[in-house]
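To start, the structure under review is shown below, and the notes come after it.
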2 protein chains.
Amino acid sequence: MSAPAVRRTRAKRGSGDLLREEIVVAAKRLLAEADRADDVPMRAVADAVGVTTPSIYLHFADKQELLGAVVADVFGELDAAMVEAAAEETTPLGRLRAFGLAYVRFALDHPEHYRLAMLEPCPKPNIEIDEVLHSSAFSHMQSTVEECVAAGIFRGEPRAITFEMWAAAHGVAALMIAKPYLPFGTAEDFADRTLCAAAIGHAVRALVGDDPTPDAMTEWLGQQRS
Amino acid sequence: MSAPAVRRTRAKRGSGDLLREEIVVAAKRLLAEADRADDVPMRAVADAVGVTTPSIYLHFADKQELLGAVVADVFGELDAAMVEAAAEETTPLGRLRAFGLAYVRFALDHPEHYRLAMLEPCPKPNIEIDEVLHSSAFSHMQSTVEECVAAGIFRGEPRAITFEMWAAAHGVAALMIAKPYLPFGTAEDFADRTLCAAAIGHAVRALVGDDPTPDAMTEWLGQQRS
DNA sequence: CCGGATAAGTTAGCGACGCTAAGTTAGTGG
DNA sequence: CCACTAACTTAGCGTCGCTAACTTATCCGG
């Protein structure tokens, strides 16, 4: 604990930003080992980099901002995992499913990072986060939804549909992270069932009627079954 | 800030538990006004009750335990809101929808309480919390799902289906709380769309096939549309 | 080669936090 | 009326995020 730590050699004149990157990497690593962001003191981050605490504040206004930088990094990683998972898929719906499963898998593989990015309150709407959010993982998902709309699988506003799918994936991930001891079954099964239901459900809702009341749904299901 | 606070009169001999209840109520109120549990110091709770900080530790081992007691209370309130919302509904699916909408509504009306109960890590699986979780809101939802199964609307293991519906509702609530600035539209619309899709989707999945691949789904949808 | 100017750190410490050890006050059974 | 103990309080420890003020190393112009 609290190793004396090797004092790192001072950065060259022009490039104090080297430290910034080292701090983010160290913070991300320490976060992965902790249960909560509060369990990673700034002092520990400084120690891991081989520097004293106040040096961090030369690069980040406060802890929140450092965590924000980590989150931006995490979103990049999430996007990469999703894109890779969908690379082999040849159909829009197949890609969407791969995206969703990779999303949940990533969240459960990096629960602390996911919590930080998606479960923690975001005091001042972090511009850096939302840029990433809109530019990478989310926009990839949205364009796949657009493909589904173009293919006639979905109908409606792509962004709204993307939010629906995202909510389903997020619901599974957040639930399994927050209540890991509940008998959800395997993450893959739970996620696949829920995501599949979300996709089919959206596609079918248009068939049932524009404003599907519970009664209309029940009646439609009865007709289908016969 | 930090009002001197009226010193409360000492409790009678037998009933130190009076203080316990006062502490929970005060903590719950302060939590509602804060963004995060960290913004509610034990000192503030003590102050609100008119007592000094160490007195709290006569009734709760630590802050976590106090928050756990608040969460137990919150789950009770959530269940009451759900039951009330579904009271007028006459069909299983109608009740399920009312439950889901009331769930999301409650979460957004009490975001700090909901975050504490469902978004915060739960270090030692809190027995008190999970008893409530299993006994009230969740079990009400599950028995409605059972009704849907009995009515032939759903098919499968009720508990697993309940988890699916819960994930959908939780996804909407958690997303809107964590990223309130994103253009989800109104909570009612977003929740209704997502929950409706989850319900229809689950019901329809059985019609598509036992193991619905994206391709099978696409094909089935094509048939339905013609 | 050298002597500011300044980037890149450090030392020391403030106030707030969760929590605890040890003391104090007030009802109550004998 | 007194000993006992439930129901508190006073004082303070260690840790946290963060800051003011000092120090050191590098670069650049002469």
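Labels for the structure tokens follow display order: chains A, B, ..., residues from 1 in each chain, ligands from 1.
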
Worksheet item: Which neighbours of Arg155 of chain A fall inside 8 Å, counting only C-alpha atoms (C1' of nucleotides), when residues of the same chain fewer than 2 positions from it are skipped, and could you give them as an NGL selection string?
Response: :A and (149 or 152-153 or 157 or 203 or 206)

Within 12 Å of chain D, which residues of chain B show up? Give each one with its shortest atom-to-atom distance in Å (one decimal) and the two atoms involved, counting only C-alpha atoms (C1' of nucleotides), rows by chain then rising residue number, as CSV.
residue,atom,partner,partner_atom,distance
B:Arg7,CA,D:DC8,C1',11.5
B:Arg8,CA,D:DC8,C1',11.0
B:Thr9,CA,D:DC8,C1',10.4
B:Arg10,CA,D:DA7,C1',7.0
B:Ala11,CA,D:DA7,C1',7.1
B:Lys12,CA,D:DA7,C1',8.4
B:Arg13,CA,D:DA6,C1',6.0
B:Gly14,CA,D:DA6,C1',7.8
B:Ser15,CA,D:DA6,C1',9.2
B:Gly16,CA,D:DA7,C1',7.1
B:Asp17,CA,D:DA7,C1',10.6
B:Leu18,CA,D:DA7,C1',11.4
B:Leu19,CA,D:DA7,C1',10.1
B:Gly50,CA,D:DC8,C1',11.7
B:Val51,CA,D:DC8,C1',8.6
B:Thr52,CA,D:DT9,C1',7.2
B:Thr53,CA,D:DT9,C1',9.4
B:Pro54,CA,D:DT9,C1',8.4
B:Ser55,CA,D:DC8,C1',6.7
B:Ile56,CA,D:DC8,C1',10.3
B:Tyr57,CA,D:DC8,C1',11.3
B:Leu58,CA,D:DA7,C1',9.2
B:His59,CA,D:DA7,C1',11.2

Fill in: Cys148 of chain B environment, 10 Å, only C-alpha atoms (C1' of nucleotides), sequence neighbours closer than 6 positions dropped, as a list in words
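Answer for this query is Thr218 of chain A; Thr91, Pro92, Leu93, Gly94, Arg95, Leu96, Gln142, Phe154, Arg155, Pro158 and Ala203 of chain B.
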
Residues from the last selection, N, CA, C and O atoms, saved as a PDB file, in the first residue's frame:
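Heads up, here's the output in result22.pdb:
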ATOM      1  N   THR A 218     -53.268  -7.068 -26.821  1.00  0.00           N
ATOM      2  CA  THR A 218     -53.748  -8.398 -26.449  1.00  0.00           C
ATOM      3  C   THR A 218     -54.568  -9.014 -27.579  1.00  0.00           C
ATOM      4  O   THR A 218     -54.400 -10.185 -27.923  1.00  0.00           O
TER       5      THR A 218
ATOM      6  N   THR B  91     -56.926  -5.228 -16.783  1.00  0.00           N
ATOM      7  CA  THR B  91     -56.287  -6.327 -17.505  1.00  0.00           C
ATOM      8  C   THR B  91     -54.834  -6.482 -17.042  1.00  0.00           C
ATOM      9  O   THR B  91     -54.222  -5.509 -16.599  1.00  0.00           O
ATOM     10  N   PRO B  92     -54.298  -7.705 -17.153  1.00  0.00           N
ATOM     11  CA  PRO B  92     -52.905  -7.941 -16.743  1.00  0.00           C
ATOM     12  C   PRO B  92     -51.919  -7.028 -17.465  1.00  0.00           C
ATOM     13  O   PRO B  92     -51.069  -6.400 -16.833  1.00  0.00           O
ATOM     14  N   LEU B  93     -52.057  -6.943 -18.786  1.00  0.00           N
ATOM     15  CA  LEU B  93     -51.133  -6.123 -19.558  1.00  0.00           C
ATOM     16  C   LEU B  93     -51.275  -4.644 -19.217  1.00  0.00           C
ATOM     17  O   LEU B  93     -50.301  -3.897 -19.186  1.00  0.00           O
ATOM     18  N   GLY B  94     -52.507  -4.241 -18.930  1.00  0.00           N
ATOM     19  CA  GLY B  94     -52.736  -2.871 -18.507  1.00  0.00           C
ATOM     20  C   GLY B  94     -52.055  -2.572 -17.188  1.00  0.00           C
ATOM     21  O   GLY B  94     -51.447  -1.513 -17.003  1.00  0.00           O
ATOM     22  N   ARG B  95     -52.142  -3.529 -16.273  1.00  0.00           N
ATOM     23  CA  ARG B  95     -51.475  -3.361 -14.980  1.00  0.00           C
ATOM     24  C   ARG B  95     -49.962  -3.295 -15.155  1.00  0.00           C
ATOM     25  O   ARG B  95     -49.286  -2.473 -14.536  1.00  0.00           O
ATOM     26  N   LEU B  96     -49.445  -4.187 -16.007  1.00  0.00           N
ATOM     27  CA  LEU B  96     -48.004  -4.221 -16.222  1.00  0.00           C
ATOM     28  C   LEU B  96     -47.508  -2.886 -16.765  1.00  0.00           C
ATOM     29  O   LEU B  96     -46.475  -2.360 -16.334  1.00  0.00           O
ATOM     30  N   GLN B 142     -43.842  -9.213 -10.658  1.00  0.00           N
ATOM     31  CA  GLN B 142     -43.745 -10.609 -11.080  1.00  0.00           C
ATOM     32  C   GLN B 142     -45.108 -11.290 -11.115  1.00  0.00           C
ATOM     33  O   GLN B 142     -45.411 -12.046 -12.043  1.00  0.00           O
ATOM     34  N   PHE B 154     -47.857 -13.878 -22.468  1.00  0.00           N
ATOM     35  CA  PHE B 154     -46.441 -14.203 -22.420  1.00  0.00           C
ATOM     36  C   PHE B 154     -46.273 -15.716 -22.331  1.00  0.00           C
ATOM     37  O   PHE B 154     -47.205 -16.436 -21.988  1.00  0.00           O
ATOM     38  N   ARG B 155     -45.048 -16.139 -22.621  1.00  0.00           N
ATOM     39  CA  ARG B 155     -44.746 -17.551 -22.464  1.00  0.00           C
ATOM     40  C   ARG B 155     -43.342 -17.691 -21.923  1.00  0.00           C
ATOM     41  O   ARG B 155     -42.415 -17.039 -22.422  1.00  0.00           O
ATOM     42  N   PRO B 158     -41.748 -16.836 -15.523  1.00  0.00           N
ATOM     43  CA  PRO B 158     -42.192 -15.501 -15.110  1.00  0.00           C
ATOM     44  C   PRO B 158     -41.071 -14.628 -14.552  1.00  0.00           C
ATOM     45  O   PRO B 158     -41.000 -13.436 -14.859  1.00  0.00           O
ATOM     46  N   ALA B 203     -43.604 -11.148 -26.234  1.00  0.00           N
ATOM     47  CA  ALA B 203     -44.752 -11.962 -26.642  1.00  0.00           C
ATOM     48  C   ALA B 203     -44.547 -12.518 -28.051  1.00  0.00           C
ATOM     49  O   ALA B 203     -44.875 -13.673 -28.329  1.00  0.00           O
TER      50      ALA B 203
END

Item to complete: With a distance threshold of 6 Å and counting only C-alpha atoms, extract the residues of chain A near chain B and express them as a ChimeraX atom specification.
Response: /A:93-94,121,164,167-168,170-172,178,194,197-198,200-202,214

Each residue of chain C lying at most 9 Å from chain B should get a row with its shortest atom-to-atom pair and the distance in Å to one decimal, counting only C-alpha atoms (C1' of nucleotides); could you produce that, ordered by chain and increasing number, as a tab-separated table?
residue	atom	partner	partner_atom	distance
C:DC17	C1'	B:Pro41	CA	7.4
C:DG18	C1'	B:Met42	CA	7.8
C:DC19	C1'	B:Asp62	CA	7.9
C:DT20	C1'	B:Pro54	CA	8.4
C:DA26	C1'	B:Arg10	CA	8.7
C:DG27	C1'	B:Arg13	CA	6.1
C:DT28	C1'	B:Arg13	CA	8.2
